[in-house]
>>> print(open('start-v5.txt').read())   # compact mmCIF, C-alpha atoms
# COMPACT_ATOMS: atom_id res chain seq x y z
CA MET A 7 -5.99 -99.50 60.04
CA ARG A 8 -7.23 -96.03 59.87
CA LYS A 9 -7.72 -94.55 56.43
CA LYS A 10 -5.45 -91.77 55.46
CA ILE A 11 -7.20 -88.55 54.86
CA VAL A 12 -6.12 -87.10 51.58
CA ARG A 13 -6.49 -83.36 51.38
CA ARG A 14 -6.90 -81.95 47.89
CA LYS A 15 -5.36 -78.63 47.15
CA THR A 16 -7.89 -76.07 46.12
CA ALA A 17 -7.09 -74.78 42.63
CA VAL A 18 -6.51 -71.02 42.65
CA ALA A 19 -8.32 -69.31 39.78
CA ARG A 20 -5.96 -66.90 38.08
CA LYS A 21 -7.24 -63.82 36.35
CA PRO A 22 -6.23 -63.68 32.70
CA ARG A 23 -3.65 -61.03 31.94
CA LYS A 24 -4.89 -58.09 29.95
CA LYS A 25 -3.25 -57.78 26.61
CA ASN A 26 -1.39 -54.53 25.85
CA SER A 27 -4.06 -52.95 23.64
CA GLY A 28 -2.36 -49.47 23.60
CA PHE A 29 0.46 -50.66 21.40
CA SER A 30 -1.98 -52.34 19.03
CA LYS A 31 -4.03 -49.16 18.64
CA LYS A 32 -0.92 -47.12 17.87
CA LEU A 33 0.11 -49.68 15.30
CA VAL A 34 -3.33 -49.56 13.66
CA ASN A 35 -3.36 -45.75 13.61
CA PHE A 36 0.13 -45.62 12.13
CA SER A 37 -0.89 -48.11 9.46
CA LEU A 38 -3.99 -46.10 8.54
CA ILE A 39 -2.05 -42.82 8.33
CA SER A 40 0.63 -44.49 6.22
CA LEU A 41 -2.02 -45.87 3.92
CA VAL A 42 -3.64 -42.43 3.50
CA PHE A 43 -0.27 -40.84 2.66
CA LEU A 44 0.52 -43.58 0.18
CA LEU A 45 -2.85 -43.13 -1.51
CA PHE A 46 -2.39 -39.35 -1.62
CA PHE A 47 1.08 -39.43 -3.12
CA GLY A 48 -0.01 -42.17 -5.47
CA LEU A 49 -2.82 -39.99 -6.78
CA VAL A 50 -0.51 -36.98 -7.06
CA TYR A 51 2.00 -39.04 -9.02
CA HIS A 52 -0.69 -40.55 -11.23
CA TYR A 53 -2.19 -37.16 -12.09
CA ARG A 54 1.10 -35.23 -12.07
CA ASP A 55 0.77 -34.03 -15.66
CA GLY A 56 -2.79 -32.84 -15.19
CA LEU A 57 -1.94 -31.04 -11.96
CA ALA A 58 1.06 -29.35 -13.54
CA TYR A 59 -1.14 -28.13 -16.38
CA TYR A 60 -3.80 -26.91 -13.93
CA PHE A 61 -1.43 -24.85 -11.78
CA SER A 62 0.33 -23.52 -14.85
CA PHE A 63 -3.03 -22.44 -16.21
CA LYS A 64 -3.98 -20.72 -12.95
CA SER A 65 -0.65 -18.87 -12.88
CA ASP A 66 -1.10 -17.76 -16.49
CA LYS A 67 -4.63 -16.64 -15.65
CA VAL A 68 -3.38 -14.43 -12.79
CA LEU A 69 -0.83 -12.87 -15.12
CA SER A 70 -3.49 -12.44 -17.78
CA ASP A 71 -5.87 -10.73 -15.32
CA SER A 72 -3.09 -8.38 -14.22
CA ALA A 73 -2.29 -7.50 -17.82
CA GLU A 74 -5.99 -6.88 -18.52
CA GLU A 75 -6.25 -4.54 -15.52
CA LYS A 76 -3.23 -2.63 -16.79
CA ARG A 77 -4.70 -2.41 -20.28
CA ILE A 78 -7.99 -0.99 -18.94
CA SER A 79 -6.05 1.45 -16.76
CA ASP A 80 -4.00 2.59 -19.77
CA VAL A 81 -7.19 3.23 -21.75
CA ARG A 82 -8.60 5.42 -18.98
CA ASN A 83 -5.28 7.22 -18.50
CA PHE A 84 -5.27 8.12 -22.18
CA GLN A 85 -8.85 9.41 -21.98
CA VAL A 86 -8.07 11.57 -18.96
CA LEU A 87 -4.89 12.99 -20.50
CA GLU A 88 -6.65 13.72 -23.78
CA LYS A 89 -9.24 15.81 -21.92
CA LYS A 90 -6.86 17.67 -19.60
CA GLY A 91 -6.36 20.57 -22.01
CA THR A 92 -3.44 22.76 -20.98
CA LYS A 93 -3.32 21.50 -17.39
CA ALA A 94 0.13 20.52 -16.07
CA VAL A 95 0.97 16.84 -15.48
CA GLY A 96 3.22 15.37 -12.79
CA LEU A 97 4.21 12.32 -10.77
CA ASP A 98 4.64 11.35 -7.15
CA VAL A 99 7.33 8.88 -6.13
CA SER A 100 8.71 7.13 -3.07
CA GLU A 101 11.07 4.29 -2.23
CA TYR A 102 8.52 1.89 -3.74
CA GLN A 103 9.60 2.96 -7.23
CA GLY A 104 13.14 1.76 -6.52
CA GLU A 105 15.97 3.31 -8.52
CA VAL A 106 14.63 6.06 -10.78
CA ASN A 107 16.57 7.03 -13.88
CA TRP A 108 15.73 10.72 -13.62
CA SER A 109 17.47 11.67 -16.87
CA ALA A 110 14.84 9.56 -18.71
CA VAL A 111 11.81 10.96 -16.85
CA ASP A 112 10.39 13.54 -19.22
CA SER A 113 6.98 12.56 -20.60
CA LEU A 114 4.00 10.20 -20.53
CA GLU A 115 3.35 8.14 -23.66
CA ASN A 116 6.07 10.23 -25.33
CA LYS A 117 3.37 12.90 -25.70
CA TYR A 118 2.50 14.57 -22.41
CA PRO A 119 5.41 16.46 -20.78
CA ILE A 120 6.00 15.89 -17.06
CA ASP A 121 6.13 19.26 -15.33
CA PHE A 122 6.32 18.41 -11.63
CA VAL A 123 6.97 15.65 -9.12
CA PHE A 124 6.08 15.12 -5.47
CA VAL A 125 8.64 13.12 -3.46
CA ARG A 126 7.85 11.32 -0.22
CA ALA A 127 10.21 12.54 2.50
CA THR A 128 9.07 11.18 5.86
CA VAL A 129 6.71 8.68 7.48
CA GLY A 130 5.26 9.13 10.96
CA ASN A 131 7.55 10.43 13.68
CA ASP A 132 10.57 8.22 13.08
CA ARG A 133 11.14 7.15 9.48
CA LEU A 134 12.72 8.72 6.41
CA ASP A 135 11.85 7.50 2.94
CA ARG A 136 14.92 5.53 1.85
CA LYS A 137 14.99 7.17 -1.59
CA PHE A 138 14.11 10.73 -0.60
CA LYS A 139 17.51 12.37 -0.99
CA GLU A 140 18.18 10.60 -4.26
CA ASN A 141 14.77 11.45 -5.71
CA TRP A 142 14.83 15.01 -4.36
CA LEU A 143 18.14 15.76 -6.06
CA GLY A 144 17.22 13.81 -9.21
CA ALA A 145 14.03 15.81 -9.76
CA LYS A 146 15.95 19.07 -9.36
CA LYS A 147 18.64 17.94 -11.79
CA GLN A 148 15.93 17.06 -14.33
CA GLN A 149 14.57 20.61 -13.88
CA LEU A 150 11.18 19.41 -12.69
CA ILE A 151 9.14 21.48 -10.27
CA ARG A 152 9.37 19.45 -7.08
CA GLY A 153 7.48 19.14 -3.82
CA ALA A 154 7.94 17.03 -0.68
CA TYR A 155 5.24 15.20 1.26
CA HIS A 156 4.88 13.61 4.68
CA TYR A 157 2.91 10.39 5.27
CA TYR A 158 0.94 11.06 8.45
CA ARG A 159 0.37 8.30 11.02
CA PRO A 160 -2.79 9.12 13.04
CA ASN A 161 -1.68 7.28 16.17
CA GLU A 162 1.64 9.11 16.59
CA ASN A 163 2.43 12.53 18.02
CA SER A 164 1.67 15.19 15.41
CA LEU A 165 4.32 17.70 16.51
CA GLU A 166 7.02 15.03 16.46
CA GLN A 167 5.96 14.17 12.92
CA ALA A 168 6.14 17.83 11.92
CA GLU A 169 9.59 18.14 13.49
CA LEU A 170 10.89 15.14 11.53
CA PHE A 171 9.64 16.60 8.25
CA ILE A 172 11.14 20.02 8.99
CA LYS A 173 14.53 18.48 9.85
CA THR A 174 14.51 16.40 6.67
CA VAL A 175 13.20 18.78 3.99
CA SER A 176 14.92 21.99 2.96
CA LEU A 177 12.65 23.80 0.52
CA GLN A 178 14.11 26.24 -1.98
CA LYS A 179 12.82 28.92 -4.29
CA GLY A 180 10.74 27.29 -7.01
CA ASP A 181 9.68 24.29 -4.88
CA LEU A 182 6.03 23.48 -4.23
CA PRO A 183 4.49 23.95 -0.75
CA PRO A 184 4.87 21.03 1.70
CA VAL A 185 2.20 18.33 1.61
CA LEU A 186 0.49 16.41 4.41
CA ASP A 187 -0.62 12.92 3.25
CA ILE A 188 -3.47 11.57 5.39
CA GLU A 189 -5.11 8.29 4.38
CA LYS A 190 -5.75 6.25 7.54
CA LEU A 191 -8.27 6.58 10.36
CA PRO A 192 -7.02 6.44 13.98
CA GLU A 193 -7.16 3.21 15.97
CA ASN A 194 -7.00 4.54 19.52
CA GLN A 195 -8.27 8.10 19.32
CA SER A 196 -11.38 9.92 18.19
CA ILE A 197 -11.86 11.69 14.87
CA GLU A 198 -11.82 14.98 16.75
CA ARG A 199 -8.40 14.18 18.21
CA LEU A 200 -7.19 13.23 14.74
CA LYS A 201 -8.31 16.57 13.34
CA LEU A 202 -6.58 18.37 16.20
CA GLY A 203 -3.35 16.53 15.41
CA LEU A 204 -3.62 17.35 11.70
CA ARG A 205 -4.18 21.00 12.51
CA ARG A 206 -1.12 21.07 14.77
CA TRP A 207 1.08 19.50 12.06
CA LEU A 208 -0.16 21.98 9.47
CA GLN A 209 0.39 24.98 11.73
CA ALA A 210 3.89 23.90 12.78
CA VAL A 211 4.98 23.31 9.18
CA GLU A 212 3.45 26.58 7.98
CA ALA A 213 5.21 28.50 10.74
CA HIS A 214 8.54 27.05 9.64
CA TYR A 215 8.28 27.38 5.85
CA LYS A 216 6.11 30.52 5.80
CA VAL A 217 3.71 28.92 3.33
CA LYS A 218 0.41 27.10 3.78
CA PRO A 219 0.74 23.32 3.26
CA ILE A 220 -1.37 21.26 0.86
CA ILE A 221 -3.41 18.27 2.09
CA TYR A 222 -3.40 14.98 0.15
CA THR A 223 -6.15 12.40 0.72
CA GLY A 224 -8.72 10.18 -1.00
CA GLU A 225 -11.97 11.68 -2.23
CA SER A 226 -14.19 9.82 0.28
CA TYR A 227 -11.87 10.75 3.17
CA TYR A 228 -12.00 14.36 1.99
CA ASP A 229 -15.81 14.38 1.79
CA ASP A 230 -16.39 12.58 5.09
CA PHE A 231 -13.82 14.16 7.42
CA LEU A 232 -11.89 17.11 5.99
CA LYS A 233 -13.89 19.12 3.47
CA ASP A 234 -15.73 21.33 5.95
CA GLU A 235 -13.29 21.83 8.84
CA PHE A 236 -10.20 22.24 6.62
CA SER A 237 -11.78 24.40 3.94
CA ASP A 238 -9.04 26.99 4.48
CA TYR A 239 -6.54 24.57 2.87
CA LEU A 240 -6.03 23.47 -0.72
CA PHE A 241 -6.40 19.75 -1.50
CA TRP A 242 -4.70 17.17 -3.63
CA ILE A 243 -7.29 14.41 -4.16
CA ALA A 244 -6.84 10.76 -5.18
CA ASN A 245 -9.63 9.21 -7.24
CA TYR A 246 -9.06 6.32 -9.66
CA ASN A 247 -12.70 5.77 -10.65
CA PHE A 248 -12.85 4.60 -14.27
CA TYR A 249 -15.82 6.83 -14.99
CA ARG A 250 -14.25 10.02 -13.66
CA GLU A 251 -12.40 11.81 -16.43
CA LYS A 252 -12.29 15.36 -15.07
CA MET A 253 -11.27 16.90 -11.76
CA ASP A 254 -13.49 19.00 -9.52
CA GLU A 255 -12.94 22.73 -9.70
CA ASP A 256 -12.03 22.96 -5.99
CA TRP A 257 -9.21 20.39 -6.25
CA LEU A 258 -5.70 21.77 -6.58
CA PHE A 259 -4.24 18.46 -7.79
CA TRP A 260 -5.90 15.24 -8.92
CA GLN A 261 -4.14 11.88 -8.62
CA PHE A 262 -6.11 10.03 -11.27
CA THR A 263 -4.12 6.80 -11.52
CA GLU A 264 -1.62 4.64 -9.66
CA LYS A 265 -0.90 2.42 -12.67
CA ALA A 266 0.88 4.56 -15.21
CA SER A 267 4.07 3.68 -17.04
CA VAL A 268 6.79 6.31 -17.28
CA SER A 269 10.19 5.99 -18.94
CA GLY A 270 12.94 5.85 -16.36
CA ILE A 271 10.74 4.19 -13.72
CA LYS A 272 10.23 0.44 -13.36
CA GLY A 273 6.70 -0.70 -12.60
CA ASN A 274 3.66 1.46 -11.96
CA VAL A 275 3.73 5.07 -10.84
CA ASP A 276 1.11 7.62 -9.71
CA VAL A 277 0.20 10.41 -12.11
CA ASN A 278 -1.39 13.74 -11.20
CA ILE A 279 -2.95 16.70 -12.94
CA TYR A 280 -2.65 20.26 -11.64
CA ASN A 281 -5.77 22.41 -11.92
CA GLY A 282 -4.02 24.96 -14.10
CA ASP A 283 -1.29 25.30 -16.71
CA LEU A 284 2.47 25.30 -16.14
CA GLN A 285 2.62 29.06 -15.65
CA GLN A 286 -0.09 28.90 -12.99
CA LEU A 287 1.76 26.04 -11.31
CA GLN A 288 4.92 28.12 -11.13
CA PHE A 289 2.87 30.88 -9.50
CA ILE A 290 2.16 28.73 -6.38
CA THR A 291 5.82 27.75 -5.82
CA LEU A 292 7.98 29.27 -3.09
CA GLU A 293 9.47 32.68 -3.80
>>> encode(input="start-v5.txt", output="C-alpha cells")
Amino acid sequence: MRKKIVRRKTAVARKPRKKNSGFSKKLVNFSLISLVFLLFFGLVYHYRDGLAYYFSFKSDKVLSDSAEEKRISDVRNFQVLEKKGTKAVGLDVSEYQGEVNWSAVDSLENKYPIDFVFVRATVGNDRLDRKFKENWLGAKKQQLIRGAYHYYRPNENSLEQAELFIKTVSLQKGDLPPVLDIEKLPENQSIERLKLGLRRWLQAVEAHYKVKPIIYTGESYYDDFLKDEFSDYLFWIANYNFYREKMDEDWLFWQFTEKASVSGIKGNVDVNIYNGDLQQLQFITLE
C-alpha cells in the first residue's frame, strides 16, 4: 500500500490588535485634571478663614489709601485757600457730579464763598452733557456767575464742534465768556493740524458771541503746545501739584484741585481760583 501523504496546514501568524490607547490617555488626563481641581478646592476650603481675612484686609487697605489721599488733598486745599487773599473761588461741574442740590451750593468748608461755576455743555461734535440744562439753570437760580465750556475732541471736525456748542449754549448778560477745554493730543493728525482746528473753533465761537473765548488745559499742555501760538488768549490752567500753592500771574483761572468736597454735591468736585476779586470777575462777564 502506498502511504498517505498528510499535508499540514501552515499556521497563519496573526498580528496582535493594537489597543485603543487614545481613550486611555483621555481618561488619564481627565483624572489628573480632576485631582488638581480637588486639591485646589480642598486648599481653598481648608484656608477659607485666612483667605477671607486676607481679601478683607486688602479691601480695607484700598479704602484706607483712598481716605489718606483725600486727607492730604484736603490739607493742600486749605493751604491754597488760606493764601488766596481776596481772589474769587468757583467750581466746574458736569454730568459726573450727578444730581446737584444747587440751593445748598454756597461755600467751601463753610468759610470760602463760591462766586462762580463753569458748566460743561458739549463734547466733540455730537454729544451734549446730560446734566447741562439742569446745572445751567441751577447755577443761575443760585445767583452764581456762570460759564459754559466745550470738551474738544482733537480727531473730530472743529467747525462742527463749534456749531454744536453754539446751538446748545445761549449766553446772557452777566455770564462768563465761552471756554474751550483741550486736554488730549490727536491720534491721526499733526500738532499743526490740531492748532489749526483749535483756532477755527475759537474764531467761530468768538464771531457768534462777540467775545473772545477762554482756553482751559493742563499746565504741561499749555507750556508745550499753546503758550506761544495762542498768547492772544486768556488761559484757565489745571495744576494739582501738592507743592504749588499760588497761581502764575498770567493765568486767568487756576484749577488747583479735583478732590474738593462741597455741600450739595456728592463726591469730589473741581475747585478754581480767579486771578482777581469778585468785582474784577464781574468785569469780564458779558455785557
>>> residues_around(input="start-v5.txt", residues="range 163-167 of chain A", least_positions_apart="5", cutoff="7 Å", atoms="only C-alpha atoms", output="PDB file with C-alpha atoms, in the frame of the given file")
ATOM      1  CA  GLY A 130       5.260   9.130  10.960  1.00  0.00           C
ATOM      2  CA  ASN A 131       7.550  10.430  13.680  1.00  0.00           C
ATOM      3  CA  GLY A 203      -3.350  16.530  15.410  1.00  0.00           C
ATOM      4  CA  LEU A 204      -3.620  17.350  11.700  1.00  0.00           C
ATOM      5  CA  ARG A 206      -1.120  21.070  14.770  1.00  0.00           C
ATOM      6  CA  TRP A 207       1.080  19.500  12.060  1.00  0.00           C
TER       7      TRP A 207
END
>>> residues_around(input="start-v5.txt", residues="Trp242 in chain A", least_positions_apart="2", cutoff="8 Å", atoms="only C-alpha atoms", output="list in words")
Ile220, Ile221, Tyr222, Thr223, Leu240, Ala244, Trp257, Leu258, Phe259, Trp260 and Gln261 of chain A
>>> closest_residue(input="start-v5.txt", among="A:Ile197, A:Val106, A:Ile243, A:Leu292", to="Pro184 in chain A", atoms="all atoms listed in the file")
A:Leu292
>>> atom_distance(input="start-v5.txt", atom1="CA of Asp187 in chain A", atom2="CA of Tyr158 in chain A")
5.7 Å
>>> closest_residue(input="start-v5.txt", among="A:Ile39, A:Leu114, A:Phe241, A:Glu105", to="Val277 in chain A", atoms="only C-alpha atoms")
A:Leu114
>>> residues_around(input="start-v5.txt", residues="Val111 in chain A", least_positions_apart="6", cutoff="8 Å", atoms="only C-alpha atoms", output="PyMOL selection string")
chain A and resi 120+148+268-271
>>> closest_residue(input="start-v5.txt", among="A:Leu191, A:Leu41, A:Val99, A:Leu232", to="Gly273 in chain A", atoms="all atoms listed in the file")
A:Val99
>>> residues_near_point(input="start-v5.txt", point="(8.3, 12.7, -2.4)", cutoff="10 Å", atoms="only C-alpha atoms", output="ChimeraX atom specification")
/A:97-101,123-128,135,137-139,141-142,145,152-157,184-185
>>> closest_residue(input="start-v5.txt", among="A:Val81, A:Ile188, A:Ala210, A:Ala94", to="Asn281 in chain A", atoms="all atoms listed in the file")
A:Ala94
>>> atom_distance(input="start-v5.txt", atom1="CA of Glu193 in chain A", atom2="CA of Phe231 in chain A")
15.4 Å
>>> atom_distance(input="start-v5.txt", atom1="CA of Ile290 in chain A", atom2="CA of Arg133 in chain A")
28.2 Å
>>> closest_residue(input="start-v5.txt", among="A:Trp108, A:Tyr118, A:Phe36, A:Phe248", to="Thr92 in chain A", atoms="all atoms listed in the file")
A:Tyr118
>>> residues_around(input="start-v5.txt", residues="Asn245 in chain A", least_positions_apart="4", cutoff="12 Å", atoms="only C-alpha atoms", output="list in words")
Tyr222, Thr223, Gly224, Glu225, Ser226, Tyr227, Tyr228, Tyr249, Arg250, Glu251, Lys252, Met253, Asp254, Trp257, Phe259, Trp260, Gln261, Phe262, Thr263, Glu264, Asp276, Val277, Asn278 and Ile279 of chain A
>>> closest_residue(input="start-v5.txt", among="A:Gln195, A:Gln285, A:Gln103, A:Ser267", to="Asp80 in chain A", atoms="all atoms listed in the file")
A:Ser267
>>> decode(input="start-v5.txt", residues="range 135-159 of chain A", atoms="N, CA and C atoms", output="compact mmCIF listing (two decimals), in the first residue's frame")
# COMPACT_ATOMS: atom_id res chain seq x y z
N ASP A 135 -23.70 117.30 27.26
CA ASP A 135 -23.59 116.84 28.64
C ASP A 135 -25.00 116.61 29.18
N ARG A 136 -25.23 115.44 29.76
CA ARG A 136 -26.57 115.05 30.17
C ARG A 136 -27.15 115.94 31.28
N LYS A 137 -26.30 116.65 32.00
CA LYS A 137 -26.78 117.49 33.10
C LYS A 137 -26.63 118.98 32.80
N PHE A 138 -26.31 119.33 31.54
CA PHE A 138 -26.04 120.74 31.25
C PHE A 138 -27.22 121.65 31.57
N LYS A 139 -28.37 121.36 31.02
CA LYS A 139 -29.52 122.25 31.21
C LYS A 139 -29.86 122.42 32.69
N GLU A 140 -29.85 121.30 33.39
CA GLU A 140 -30.16 121.32 34.82
C GLU A 140 -29.14 122.15 35.60
N ASN A 141 -27.86 121.93 35.32
CA ASN A 141 -26.81 122.67 36.02
C ASN A 141 -26.78 124.15 35.62
N TRP A 142 -27.03 124.40 34.35
CA TRP A 142 -27.02 125.77 33.83
C TRP A 142 -28.10 126.61 34.51
N LEU A 143 -29.29 126.05 34.63
CA LEU A 143 -30.38 126.77 35.27
C LEU A 143 -30.19 126.82 36.79
N GLY A 144 -29.65 125.74 37.37
CA GLY A 144 -29.42 125.70 38.81
C GLY A 144 -28.42 126.74 39.28
N ALA A 145 -27.35 126.92 38.51
CA ALA A 145 -26.34 127.93 38.86
C ALA A 145 -26.93 129.33 38.80
N LYS A 146 -27.75 129.58 37.79
CA LYS A 146 -28.39 130.89 37.66
C LYS A 146 -29.34 131.15 38.82
N LYS A 147 -30.11 130.14 39.19
CA LYS A 147 -31.07 130.27 40.28
C LYS A 147 -30.35 130.53 41.60
N GLN A 148 -29.15 129.97 41.75
CA GLN A 148 -28.36 130.18 42.97
C GLN A 148 -27.60 131.49 42.92
N GLN A 149 -27.79 132.25 41.85
CA GLN A 149 -27.16 133.57 41.66
C GLN A 149 -25.64 133.49 41.64
N LEU A 150 -25.13 132.42 41.02
CA LEU A 150 -23.70 132.27 40.81
C LEU A 150 -23.35 132.78 39.42
N ILE A 151 -22.20 133.41 39.29
CA ILE A 151 -21.72 133.78 37.96
C ILE A 151 -21.39 132.47 37.23
N ARG A 152 -21.96 132.29 36.05
CA ARG A 152 -21.81 131.00 35.38
C ARG A 152 -21.11 131.14 34.02
N GLY A 153 -20.48 130.06 33.62
CA GLY A 153 -19.85 129.98 32.30
C GLY A 153 -20.03 128.59 31.75
N ALA A 154 -20.00 128.45 30.43
CA ALA A 154 -20.17 127.14 29.78
C ALA A 154 -18.89 126.76 29.06
N TYR A 155 -18.57 125.45 29.09
CA TYR A 155 -17.36 125.02 28.37
C TYR A 155 -17.64 123.82 27.47
N HIS A 156 -16.80 123.72 26.45
CA HIS A 156 -16.88 122.65 25.45
C HIS A 156 -15.65 121.76 25.56
N TYR A 157 -15.86 120.44 25.68
CA TYR A 157 -14.75 119.49 25.69
C TYR A 157 -14.39 119.15 24.25
N TYR A 158 -13.19 119.55 23.84
CA TYR A 158 -12.77 119.44 22.45
C TYR A 158 -12.14 118.08 22.19
N ARG A 159 -12.62 117.42 21.10
CA ARG A 159 -12.03 116.16 20.65
C ARG A 159 -11.14 116.45 19.44
